[in-house]
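**Student:** If it helps, the file is called data_29.cif and holds mmCIF, C-alpha atoms:
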data_entry
loop_
_atom_site.label_atom_id
_atom_site.label_comp_id
_atom_site.auth_asym_id
_atom_site.auth_seq_id
_atom_site.Cartn_x
_atom_site.Cartn_y
_atom_site.Cartn_z
CA MET A 1331 -67.89 16.02 -87.94
CA SER A 1332 -67.30 18.71 -90.51
CA PRO A 1333 -64.72 21.35 -89.73
CA PHE A 1334 -65.88 24.90 -89.13
CA ARG A 1335 -65.05 27.80 -91.39
CA VAL A 1336 -64.17 31.37 -90.44
CA GLY A 1337 -67.36 33.42 -90.11
CA GLU A 1338 -69.48 30.40 -89.21
CA ARG A 1339 -71.55 30.29 -86.00
CA ALA A 1340 -70.77 27.55 -83.49
CA VAL A 1341 -72.29 26.55 -80.17
CA VAL A 1342 -70.23 25.24 -77.26
CA ARG A 1343 -71.56 21.80 -76.37
CA LEU A 1344 -73.26 21.39 -73.02
CA GLY A 1345 -71.72 18.91 -70.64
CA ASN A 1346 -69.82 18.54 -67.43
CA PRO A 1347 -67.16 15.88 -67.94
CA ASP A 1348 -65.62 14.42 -64.81
CA GLY A 1349 -62.06 15.24 -65.68
CA HIS A 1350 -59.84 17.82 -67.27
CA THR A 1351 -61.28 20.00 -70.00
CA ARG A 1352 -60.47 23.39 -71.46
CA VAL A 1353 -64.04 24.55 -71.93
CA PRO A 1354 -64.63 27.42 -69.52
CA GLY A 1355 -67.97 26.86 -67.74
CA TYR A 1356 -69.21 30.35 -68.61
CA LEU A 1357 -69.20 29.48 -72.32
CA ARG A 1358 -71.18 26.23 -72.10
CA GLY A 1359 -74.17 26.36 -74.46
CA LYS A 1360 -73.17 29.78 -75.79
CA CYS A 1361 -73.10 30.67 -79.46
CA GLY A 1362 -70.18 32.47 -81.04
CA GLU A 1363 -68.49 33.13 -84.35
CA VAL A 1364 -65.39 31.29 -85.54
CA ILE A 1365 -62.81 34.00 -86.24
CA GLU A 1366 -59.62 31.96 -86.68
CA ILE A 1367 -58.55 28.43 -87.53
CA LEU A 1368 -55.44 27.75 -85.45
CA GLY A 1369 -54.43 24.34 -86.74
CA LYS A 1370 -54.40 20.89 -85.17
CA PHE A 1371 -53.39 20.29 -81.57
CA VAL A 1372 -53.61 17.40 -79.12
CA LEU A 1373 -56.92 17.55 -77.27
CA ALA A 1374 -56.10 18.55 -73.68
CA ASP A 1375 -58.91 16.42 -72.22
CA ASP A 1376 -57.25 13.24 -73.53
CA SER A 1377 -53.67 14.30 -72.93
CA ALA A 1378 -54.48 15.04 -69.26
CA ARG A 1379 -55.55 11.41 -68.83
CA GLY A 1380 -52.49 10.07 -70.60
CA ILE A 1381 -54.52 9.13 -73.68
CA ARG A 1382 -52.82 9.60 -77.04
CA SER A 1383 -55.53 10.68 -79.46
CA PRO A 1384 -55.12 12.18 -82.93
CA GLU A 1385 -54.68 15.94 -83.04
CA GLN A 1386 -57.85 17.92 -83.48
CA MET A 1387 -58.62 21.27 -85.10
CA LEU A 1388 -58.52 24.25 -82.75
CA TYR A 1389 -60.55 27.41 -83.39
CA THR A 1390 -60.72 30.90 -81.95
CA VAL A 1391 -64.39 31.68 -81.34
CA ARG A 1392 -65.73 35.12 -80.44
CA PHE A 1393 -68.77 35.54 -78.19
CA GLN A 1394 -70.68 38.76 -77.60
CA ALA A 1395 -70.98 39.66 -73.89
CA GLU A 1396 -74.79 39.90 -74.09
CA GLY A 1397 -74.83 36.35 -75.46
CA ILE A 1398 -72.84 35.10 -72.49
CA TRP A 1399 -74.17 37.16 -69.59
CA GLY A 1400 -77.58 38.29 -70.86
CA ALA A 1401 -78.61 41.66 -69.47
CA ASP A 1402 -75.39 41.77 -67.41
CA GLY A 1403 -73.27 41.72 -70.56
CA ALA A 1404 -72.03 45.12 -71.64
CA PRO A 1405 -72.65 46.24 -75.21
CA GLY A 1406 -69.49 46.43 -77.30
CA VAL A 1407 -67.77 43.77 -75.21
CA SER A 1408 -66.80 40.39 -76.61
CA VAL A 1409 -64.80 37.44 -75.31
CA THR A 1410 -62.78 35.02 -77.41
CA ALA A 1411 -61.71 31.50 -76.47
CA ASP A 1412 -59.67 28.85 -78.23
CA LEU A 1413 -61.83 25.73 -78.52
CA TRP A 1414 -61.25 22.29 -80.01
CA GLU A 1415 -63.60 20.98 -82.68
CA SER A 1416 -65.17 18.37 -80.40
CA TYR A 1417 -66.16 21.15 -77.95
CA LEU A 1418 -68.33 22.72 -80.66
CA GLU A 1419 -71.43 21.96 -82.67
CA GLY A 1420 -72.98 23.81 -85.58
CA ALA A 1421 -75.48 26.55 -84.80
CA THR A 1422 -78.97 25.89 -86.15
CA MET B 235 -64.09 17.21 -59.95
CA SER B 236 -64.84 20.57 -58.40
CA ARG B 237 -63.28 22.49 -61.30
CA ILE B 238 -62.34 25.13 -58.75
CA ASN B 239 -59.91 26.53 -61.32
CA ASP B 240 -62.75 27.45 -63.69
CA VAL B 241 -63.43 30.89 -62.25
CA GLY B 242 -64.46 32.88 -65.36
CA GLY B 243 -67.52 34.98 -64.51
CA MET B 244 -67.61 34.03 -60.82
CA HIS B 245 -68.50 36.66 -58.26
CA GLY B 246 -66.99 37.21 -54.85
CA PHE B 247 -63.22 37.32 -55.28
CA GLY B 248 -63.12 41.01 -54.41
CA PRO B 249 -61.01 43.81 -55.81
CA ILE B 250 -57.82 43.11 -57.74
CA ASP B 251 -54.48 43.83 -56.13
CA THR B 252 -53.10 45.60 -59.19
CA HIS B 253 -49.63 46.10 -57.71
CA ASP B 254 -47.25 45.42 -60.60
CA ASP B 255 -44.57 43.20 -59.09
CA GLU B 256 -41.63 43.07 -61.45
CA ALA B 257 -40.00 40.11 -59.72
CA GLY B 258 -41.05 36.84 -61.28
CA PHE B 259 -40.49 34.92 -58.06
CA HIS B 260 -40.90 36.11 -54.50
CA HIS B 261 -39.05 33.25 -52.83
CA GLU B 262 -36.18 31.10 -53.98
CA TRP B 263 -38.32 27.99 -53.59
CA GLU B 264 -40.81 29.36 -56.13
CA ALA B 265 -38.09 29.53 -58.79
CA ARG B 266 -37.06 25.99 -57.84
CA VAL B 267 -40.62 24.70 -58.19
CA PHE B 268 -40.82 26.40 -61.57
CA ALA B 269 -37.53 24.77 -62.63
CA ILE B 270 -38.49 21.31 -61.33
CA ASN B 271 -41.68 21.49 -63.37
CA ARG B 272 -39.85 22.60 -66.53
CA LEU B 273 -37.36 19.75 -66.21
CA LEU B 274 -40.01 17.10 -65.55
CA LEU B 275 -42.09 18.33 -68.50
CA LYS B 276 -39.00 18.30 -70.72
CA ALA B 277 -38.10 14.80 -69.56
CA GLY B 278 -41.60 13.63 -70.44
CA THR B 279 -42.33 12.55 -66.85
CA TYR B 280 -45.76 14.07 -67.38
CA THR B 281 -47.47 16.37 -69.89
CA LEU B 282 -48.57 19.95 -69.32
CA ASP B 283 -52.19 18.77 -69.46
CA GLU B 284 -51.54 16.14 -66.80
CA PHE B 285 -49.91 18.85 -64.71
CA ARG B 286 -52.87 21.21 -65.05
CA TYR B 287 -55.25 18.38 -64.22
CA ALA B 288 -53.24 17.59 -61.09
CA VAL B 289 -53.63 21.22 -59.98
CA GLU B 290 -57.36 21.10 -60.66
CA ARG B 291 -57.80 17.88 -58.70
CA MET B 292 -56.70 19.59 -55.48
CA ASP B 293 -59.21 19.73 -52.69
CA PRO B 294 -61.09 23.00 -53.38
CA GLN B 295 -60.47 24.46 -49.93
CA GLU B 296 -56.82 23.52 -50.07
CA TYR B 297 -56.62 25.00 -53.59
CA LEU B 298 -58.01 28.34 -52.52
CA ALA B 299 -55.78 28.50 -49.43
CA ALA B 300 -52.62 27.66 -51.39
CA SER B 301 -50.43 30.20 -53.14
CA TYR B 302 -49.83 29.86 -56.87
CA TYR B 303 -46.55 27.96 -56.62
CA GLN B 304 -47.81 25.91 -53.67
CA ARG B 305 -50.42 24.57 -56.09
CA TRP B 306 -47.65 23.71 -58.51
CA LEU B 307 -45.69 21.94 -55.79
CA HIS B 308 -48.78 19.96 -54.83
CA ALA B 309 -49.34 18.93 -58.46
CA ILE B 310 -45.69 17.90 -58.93
CA GLU B 311 -45.77 15.78 -55.76
CA THR B 312 -49.09 14.23 -56.80
CA LEU B 313 -47.86 13.27 -60.27
CA LEU B 314 -44.50 11.94 -59.08
CA ALA B 315 -46.35 9.69 -56.63
CA GLU B 316 -48.92 8.56 -59.20
CA LYS B 317 -46.25 7.85 -61.81
CA GLY B 318 -44.21 5.89 -59.29
CA VAL B 319 -41.19 8.18 -59.60
CA LEU B 320 -41.14 8.89 -55.87
CA MET C 610 -52.20 16.51 -46.12
CA SER C 611 -53.27 20.08 -45.59
CA HIS C 612 -51.12 23.04 -46.56
CA ASP C 613 -53.47 25.64 -45.14
CA HIS C 614 -51.52 28.65 -43.95
CA GLU C 615 -48.32 26.76 -44.56
CA GLY C 616 -45.51 29.21 -43.99
CA SER C 617 -42.92 29.95 -46.63
CA ALA C 618 -40.18 28.33 -44.55
CA ALA C 619 -42.18 25.11 -44.36
CA VAL C 620 -42.81 25.11 -48.12
CA SER C 621 -39.17 25.88 -48.78
CA ASN C 622 -38.24 22.83 -46.72
CA ARG C 623 -40.74 20.70 -48.62
CA VAL C 624 -39.13 21.78 -51.90
CA LYS C 625 -35.67 20.92 -50.52
CA LEU C 626 -36.87 17.42 -49.62
CA LEU C 627 -38.39 17.02 -53.07
CA VAL C 628 -35.16 18.08 -54.79
CA THR C 629 -33.14 15.71 -52.62
CA ALA C 630 -35.46 12.81 -53.45
CA LEU C 631 -35.32 13.60 -57.19
CA GLN C 632 -31.52 13.80 -57.07
CA GLU C 633 -31.29 10.47 -55.27
CA ARG C 634 -33.30 8.90 -58.06
CA SER C 635 -31.18 10.64 -60.69
CA VAL C 636 -34.23 12.44 -62.11
CA LEU C 637 -32.52 15.83 -62.01
CA THR C 638 -29.51 17.66 -60.58
CA GLU C 639 -28.95 20.91 -58.69
CA ALA C 640 -26.97 22.19 -61.67
CA GLN C 641 -29.92 21.56 -64.01
CA LEU C 642 -32.25 23.45 -61.70
CA ASP C 643 -29.91 26.44 -61.48
CA ASP C 644 -29.40 26.37 -65.23
CA THR C 645 -33.16 26.29 -65.87
CA VAL C 646 -33.82 29.32 -63.66
CA GLU C 647 -30.84 31.19 -65.11
CA LYS C 648 -31.97 30.52 -68.69
CA LEU C 649 -35.52 31.53 -67.87
CA LEU C 650 -34.44 34.89 -66.49
CA LEU C 651 -31.96 35.40 -69.32
CA HIS C 652 -34.16 34.48 -72.29
CA SER C 653 -37.69 35.18 -71.09
CA LYS C 654 -38.08 38.84 -70.23
CA PRO C 655 -40.33 41.77 -71.11
CA ALA C 656 -37.55 43.33 -73.20
CA ASN C 657 -38.33 40.67 -75.84
CA ALA C 658 -41.90 41.84 -76.32
CA PHE C 659 -40.93 45.51 -75.97
CA ALA C 660 -38.52 45.14 -78.89
CA MET C 661 -41.13 43.40 -81.04
CA VAL C 662 -43.82 45.99 -80.38
CA ALA C 663 -41.46 48.95 -80.88
CA ARG C 664 -40.35 47.44 -84.19
CA SER C 665 -43.97 46.97 -85.24
CA TRP C 666 -44.60 50.70 -84.68
CA VAL C 667 -41.77 51.81 -86.93
CA ASP C 668 -42.01 49.08 -89.56
CA ALA C 669 -45.47 48.35 -90.99
CA ALA C 670 -44.23 45.28 -92.84
CA TYR C 671 -42.87 43.85 -89.57
CA LYS C 672 -46.20 44.54 -87.87
CA ALA C 673 -47.98 42.61 -90.62
CA ARG C 674 -45.58 39.70 -90.11
CA LEU C 675 -46.05 39.91 -86.32
CA LEU C 676 -49.83 39.73 -86.70
CA ALA C 677 -49.55 36.86 -89.17
CA ASP C 678 -46.98 34.74 -87.32
CA ALA C 679 -45.71 35.99 -83.96
CA ASN C 680 -43.32 33.05 -83.53
CA ALA C 681 -41.52 33.92 -86.75
CA ALA C 682 -41.56 37.62 -85.88
CA ALA C 683 -39.91 36.87 -82.53
CA ALA C 684 -37.26 34.71 -84.19
CA GLU C 685 -36.57 37.53 -86.64
CA LEU C 686 -35.40 39.68 -83.72
CA GLY C 687 -33.23 36.87 -82.39
CA ILE C 688 -35.60 35.92 -79.57
CA ASP C 689 -35.01 32.31 -78.60
CA LEU C 690 -38.30 30.44 -78.17
CA SER C 691 -36.76 26.97 -78.13
CA HIS C 692 -37.17 26.63 -74.36
CA TRP C 693 -40.89 27.01 -74.82
CA SER C 694 -41.53 25.04 -77.98
CA PRO C 695 -44.03 24.22 -79.29
CA VAL C 696 -45.78 27.33 -77.92
CA LYS C 697 -47.88 29.25 -80.44
CA LEU C 698 -47.73 33.01 -79.97
CA ARG C 699 -50.28 35.40 -81.33
CA ALA C 700 -50.33 39.20 -81.32
CA VAL C 701 -53.63 41.11 -81.28
CA GLU C 702 -53.69 44.80 -82.04
CA ASN C 703 -55.41 47.67 -80.24
CA THR C 704 -57.06 50.09 -82.65
CA PRO C 705 -58.83 53.44 -82.24
CA VAL C 706 -62.15 51.54 -82.03
CA SER C 707 -61.17 48.37 -80.19
CA HIS C 708 -59.22 47.55 -77.03
CA LYS C 709 -57.84 44.07 -76.28
CA VAL C 710 -57.10 42.47 -72.93
CA ILE C 711 -55.62 39.05 -72.15
CA VAL C 712 -56.61 36.52 -69.49
CA CYS C 713 -56.53 32.82 -68.76
CA THR C 714 -59.68 32.00 -66.77
CA LEU C 715 -58.83 28.29 -66.41
CA CYS C 716 -55.26 28.62 -65.11
CA SER C 717 -52.72 31.29 -65.90
CA CYS C 718 -51.49 30.83 -69.48
CA TYR C 719 -49.24 33.75 -70.35
CA PRO C 720 -46.60 34.53 -73.01
CA ILE C 721 -43.68 33.83 -70.64
CA ALA C 722 -41.28 33.51 -73.57
CA LEU C 723 -41.93 37.15 -74.49
CA LEU C 724 -42.81 38.71 -71.13
CA GLY C 725 -41.11 36.59 -68.45
CA PRO C 726 -43.02 35.22 -65.45
CA SER C 727 -46.47 36.79 -65.07
CA PRO C 728 -47.43 39.39 -62.48
CA THR C 729 -49.21 38.12 -59.36
CA TRP C 730 -52.44 39.93 -60.22
CA TYR C 731 -52.64 38.11 -63.56
CA LYS C 732 -52.80 34.80 -61.68
CA SER C 733 -55.36 36.01 -59.13
CA GLU C 734 -58.91 34.68 -58.99
CA ALA C 735 -60.10 38.28 -58.69
CA TYR C 736 -58.72 39.22 -62.12
CA ARG C 737 -59.45 35.91 -63.87
CA SER C 738 -63.06 35.73 -62.69
CA ARG C 739 -64.07 39.28 -63.42
CA VAL C 740 -62.28 40.49 -66.54
CA VAL C 741 -64.41 38.27 -68.81
CA ARG C 742 -67.66 39.51 -67.24
CA ASP C 743 -66.94 43.14 -66.55
CA PRO C 744 -63.75 44.26 -68.30
CA ARG C 745 -64.57 47.97 -67.99
CA SER C 746 -64.61 47.90 -64.19
CA VAL C 747 -61.48 45.74 -64.13
CA LEU C 748 -59.67 48.15 -66.42
CA ALA C 749 -60.86 51.03 -64.23
CA GLU C 750 -59.16 49.36 -61.25
CA PHE C 751 -55.95 49.50 -63.27
CA GLY C 752 -56.57 53.19 -63.89
CA VAL C 753 -57.65 52.65 -67.50
CA SER C 754 -60.86 54.38 -68.45
CA LEU C 755 -62.04 53.85 -71.99
CA PRO C 756 -64.78 55.80 -73.73
CA ASP C 757 -68.14 53.98 -73.74
CA GLU C 758 -68.05 53.61 -77.51
CA LYS C 759 -64.68 51.81 -77.46
CA GLU C 760 -65.17 48.09 -78.05
CA ILE C 761 -63.38 45.67 -75.75
CA THR C 762 -62.37 42.13 -76.63
CA VAL C 763 -61.16 39.87 -73.84
CA TRP C 764 -58.92 37.06 -75.11
CA ASP C 765 -59.29 34.02 -72.86
CA SER C 766 -56.21 31.82 -73.41
CA THR C 767 -58.01 28.49 -73.09
CA ALA C 768 -55.71 26.31 -75.20
CA GLU C 769 -52.30 26.33 -76.86
CA VAL C 770 -52.04 29.97 -77.92
CA ARG C 771 -50.31 32.65 -75.85
CA TYR C 772 -51.52 36.16 -76.60
CA LEU C 773 -49.79 39.51 -76.63
CA VAL C 774 -51.43 42.92 -77.14
CA ILE C 775 -49.89 45.42 -79.54
CA PRO C 776 -50.88 48.74 -77.98
CA GLN C 777 -51.45 51.86 -80.02
CA ARG C 778 -48.31 53.88 -80.54
CA PRO C 779 -48.19 56.72 -77.99
CA ALA C 780 -49.18 60.12 -79.32
CA ALA C 781 -46.58 62.65 -80.44
CA THR C 782 -43.78 60.11 -80.90
CA GLU C 783 -43.20 60.69 -84.62
CA ASN C 784 -39.56 61.59 -83.97
CA ALA C 785 -38.85 58.91 -81.37
CA THR C 786 -36.29 56.24 -82.15
CA GLU C 787 -37.14 52.57 -81.93
CA ALA C 788 -35.16 52.33 -78.66
CA GLN C 789 -37.00 55.33 -77.23
CA LEU C 790 -40.33 53.75 -78.20
CA ALA C 791 -39.34 50.45 -76.57
CA ALA C 792 -38.60 52.34 -73.35
CA MET C 793 -42.17 53.73 -73.30
CA ILE C 794 -43.73 50.26 -73.28
CA THR C 795 -44.95 48.63 -70.08
CA ARG C 796 -45.70 45.01 -69.36
CA ASN C 797 -49.33 45.81 -68.44
CA GLY C 798 -49.64 47.63 -71.76
CA LEU C 799 -48.94 44.35 -73.54
CA ILE C 800 -51.49 42.47 -71.45
CA GLY C 801 -54.06 45.18 -72.07
CA THR C 802 -54.38 46.54 -68.53
CA ALA C 803 -52.57 49.80 -69.27
CA LEU C 804 -52.55 52.38 -72.02
CA LEU C 805 -49.29 53.86 -73.23
#
As C-alpha cells, what does this structure read like?

**Tutor:**
Amino acid sequence: MSPFRVGERAVVRLGNPDGHTRVPGYLRGKCGEVIEILGKFVLADDSARGIRSPEQMLYTVRFQAEGIWGADGAPGVSVTADLWESYLEGAT
Amino acid sequence: MSRINDVGGMHGFGPIDTHDDEAGFHHEWEARVFAINRLLLKAGTYTLDEFRYAVERMDPQEYLAASYYQRWLHAIETLLAEKGVL
Amino acid sequence: MSHDHEGSAAVSNRVKLLVTALQERSVLTEAQLDDTVEKLLLHSKPANAFAMVARSWVDAAYKARLLADANAAAAELGIDLSHWSPVKLRAVENTPVSHKVIVCTLCSCYPIALLGPSPTWYKSEAYRSRVVRDPRSVLAEFGVSLPDEKEITVWDSTAEVRYLVIPQRPAATENATEAQLAAMITRNGLIGTALL
C-alpha cells in the first residue's frame, strides 16, 4: 500500500467491521483530499482488541459537504477527519 | 456492534442545549470516575482504545439512557471484569 | 444490569463500591484519586489556551509556531502537557473567508490539556450528530450567524489529534495588552461555536 501525499484524492473504504473502528459511518465510501500527513500512530481498531500492530500513517482528509450529503450538503462547507492509511484507498 | 456512538449526520436528537457550564464535573462521583479512568490508563490496565470500545459495546438503549460519566463507569466496570482485576 | 434512570445517589454509591474494591486489590488509593482530580483542575484549564491564543495575536512568529506545532507552542508558555502525553495538539485558524468548528462525532475527543473538561453540550448527541451535516444551523443555535459566503470547515476529531480554533482577533483591539486580549477570549470561541 503506497502512502498518500498531500493534495491527493482518497476514498474511505466501504465496510462495517464488527468491532471498534474510528471511521465515522457518514464518511464511508466518500472521496476527499489529503490535506495533512500527521505521522504514524497505533491503529485504534487493533489497539481496542488488545492487538499490538505496527504503527500506521495517519492523514487529515477534507471532504466537501456536497460529496458527503449530496443535495443536503451546503456549498462552502467541508468536514475533515483524521484517518489511518488502511481506512483509505486511492481515488480512480 | 450497534455503533450507537457513531452519530455523525444522524437526525432526531433535537435542539442543542447550548448552556455553557463552566464546571467540569457536576457531581463528585463524576470527578472520581474521571480520576479512576486516568489512573487505570496510566497503569496500563487497559488502553484508551479498549476503553472507548467498552463504551461502544454498551447496550444501545442503556447507552442512550446513561449520562456521559455513567457510560465511563460502565466501561471501567466492564474492562475490570474482563481483565480479571475485579 | 440496567442503569436506566439510575439516580445520582445510586451511581455515587456504585463509584464508592468500585473505589473500595480497587483499594482492596491495591490497584489505586484515595490519595491518588484526589491528586489526579487536583492536578487536572490545576493544570488543565481554559486559561492555558487563552494565553496561547492571546500570544498568537500579538506575536506573528508565535502564531506560526503554534500552527506548526501546538505541543511545542504550549510548552513554550510553560503549559504542562505531561499528564496527557502523548496527545497531539493542533491549532486551526479562523480567517476572514473561513470559519472552523471542532467536534468528535465518535465520542468526545477534546483538548482537555488546554481547555479543561469539555462543556456538556460538546458531548451531546444533538451537537455531535448535527454539526457535521448542518453547521450553519448549529452555529445559529449558539447565536453565531455567518455570512453565506463564509466557508465553514468542521474538524471531526476521529483519531489522535486534539484541535483548537484560533479565532480572529476582535476588532478595535490594536491598543489592548496581551492580558486584556486573553480576557476577551471564551471557551466556545476556541471550539468555534462563538465569535469574539

**Student:** Run through the PyMOL selection byres ((chain A) within 7 of (chain B)) on the given coordinates and return the selected residues as a count of residues only.

**Tutor:** 10

**Student:** At what distance in Å, to one decimal, does CA of Arg305 in chain B lie from CA of Glu1385 in chain A?

**Tutor:**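 Interatomic distance here is 28.6 Å.
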
**Student:** Pick from B:Ala299, B:Ala277, B:Met292, B:Ile238: nearest to chain C, with all atoms listed in the file counted?

**Tutor:**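 Looking at the shortest contact to chain C, the residue is B:Ala299.
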
**Student:** Which distance in Å separates CA of Leu642 in chain C and CA of Leu773 in chain C, to one decimal?

**Tutor:**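 Atom-to-atom, CA of Leu642 in chain C and CA of Leu773 in chain C are spaced 28.1 Å apart.
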
**Student:** I want to know what sits within 10 Å of Phe1393 in chain A, based on all atoms listed in the file, with residues of the same chain fewer than 5 positions away left out; could you give that as a VMD selection string?

**Tutor:** (chain A and resid 1339 to 1341 1357 1360 to 1364 1398 1407 to 1411) or (chain C and resid 762 to 763)

**Student:** Just to be explicit: take each residue in the selection above, keep C-alpha atoms, and write the result as a CSV table (one decimal), in the coordinates of the input.

**Tutor:**
chain,number,residue,atom,x,y,z
A,1339,ARG,CA,-71.6,30.3,-86.0
A,1340,ALA,CA,-70.8,27.6,-83.5
A,1341,VAL,CA,-72.3,26.6,-80.2
A,1357,LEU,CA,-69.2,29.5,-72.3
A,1360,LYS,CA,-73.2,29.8,-75.8
A,1361,CYS,CA,-73.1,30.7,-79.5
A,1362,GLY,CA,-70.2,32.5,-81.0
A,1363,GLU,CA,-68.5,33.1,-84.4
A,1364,VAL,CA,-65.4,31.3,-85.5
A,1398,ILE,CA,-72.8,35.1,-72.5
A,1407,VAL,CA,-67.8,43.8,-75.2
A,1408,SER,CA,-66.8,40.4,-76.6
A,1409,VAL,CA,-64.8,37.4,-75.3
A,1410,THR,CA,-62.8,35.0,-77.4
A,1411,ALA,CA,-61.7,31.5,-76.5
C,762,THR,CA,-62.4,42.1,-76.6
C,763,VAL,CA,-61.2,39.9,-73.8

**Student:** Which residue, C:Gly687, C:Pro726, C:Pro655, C:Pro756, has the smallest gap to chain A when you use all atoms listed in the file?

**Tutor:**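 Using all atoms listed in the file, the shortest distance to chain A belongs to C:Pro756.
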
**Student:** List the residues matched by the PyMOL selection byres ((chain C) within 6 of (chain A)) in the displayed structure as number ranges by chain, ordered by chain and then by residue number.

**Tutor:** C: 760-765, 767-768

**Student:** Show me, as a list in words, every residue of chain B with an atom at most 7 Å from chain C, counting all atoms listed in the file.

**Tutor:**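 Written out as asked, the residues are Asn239, Asp240, Val241, Gly242, Gly243, Met244, Phe247, Gly248, Pro249, Ile250, Asp251, Thr252, Asp254, Asp255, Glu256, Gly258, Trp263, Ala265, Arg266, Ala269, Ile270, Glu296, Ala299 and Ala300 of chain B.
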
**Student:** Report, in Å with one decimal, the straight-line distance from CA of Glu1366 in chain A to CA of Thr1422 in chain A.

**Tutor:**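 According to the coordinates, CA of Glu1366 in chain A and CA of Thr1422 in chain A are separated by 20.3 Å.
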
**Student:** Once the PyMOL selection byres ((chain C and resi 674-680) around 10) has been evaluated on this model, what residues remain selected, and can you format them as a ChimeraX atom specification?

**Tutor:** /C:661-662,664-665,669-673,681-685,688-690,694-702,771-773,775

**Student:** Show me as JSON, numbers by chain the residues that reach within 6 Å of (-72.2, 22.6, -80.2), counting all atoms listed in the file and using the file's own coordinates.

**Tutor:** {"A": [1341, 1342, 1343, 1418, 1419, 1420]}

**Student:** The selected residues should be written to file as a compact mmCIF listing (two decimals), in the coordinates of the input (atoms: C-alpha atoms).

**Tutor:**
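Contents of selection-v7.txt, as written:
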# COMPACT_ATOMS: atom_id res chain seq x y z
CA VAL A 1341 -72.29 26.55 -80.17
CA VAL A 1342 -70.23 25.24 -77.26
CA ARG A 1343 -71.56 21.80 -76.37
CA LEU A 1418 -68.33 22.72 -80.66
CA GLU A 1419 -71.43 21.96 -82.67
CA GLY A 1420 -72.98 23.81 -85.58

**Student:** Rank B:Tyr297, B:Leu274, B:Gln304, B:Phe268 by their smallest atom-to-atom distance to Val319 in chain B, using all atoms listed in the file, and report the top residue only.

**Tutor:**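 Closest residue, counting all atoms listed in the file: B:Leu274.
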
**Student:** Leaving out Arg745 in chain C and any residue of its chain fewer than 3 positions from it, which residues lie within 8 Å of it when counting all atoms listed in the file, given as a short mmCIF file (atom, residue, chain, number, x, y, z; two decimals) with C-alpha atoms, in the frame of the given file?

**Tutor:**
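Dumped everything to around-v7.cif:
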data_model
loop_
_atom_site.label_atom_id
_atom_site.label_comp_id
_atom_site.auth_asym_id
_atom_site.auth_seq_id
_atom_site.Cartn_x
_atom_site.Cartn_y
_atom_site.Cartn_z
CA VAL C 740 -62.28 40.49 -66.54
CA LEU C 748 -59.67 48.15 -66.42
CA ALA C 749 -60.86 51.03 -64.23
CA SER C 754 -60.86 54.38 -68.45
CA LEU C 755 -62.04 53.85 -71.99
#

**Student:** Leu724 in chain C: which residues within 7 Å, counting only C-alpha atoms, same-chain residues fewer than 3 positions away excluded, as number ranges by chain?

**Tutor:** C: 653-655, 657-658, 720-721
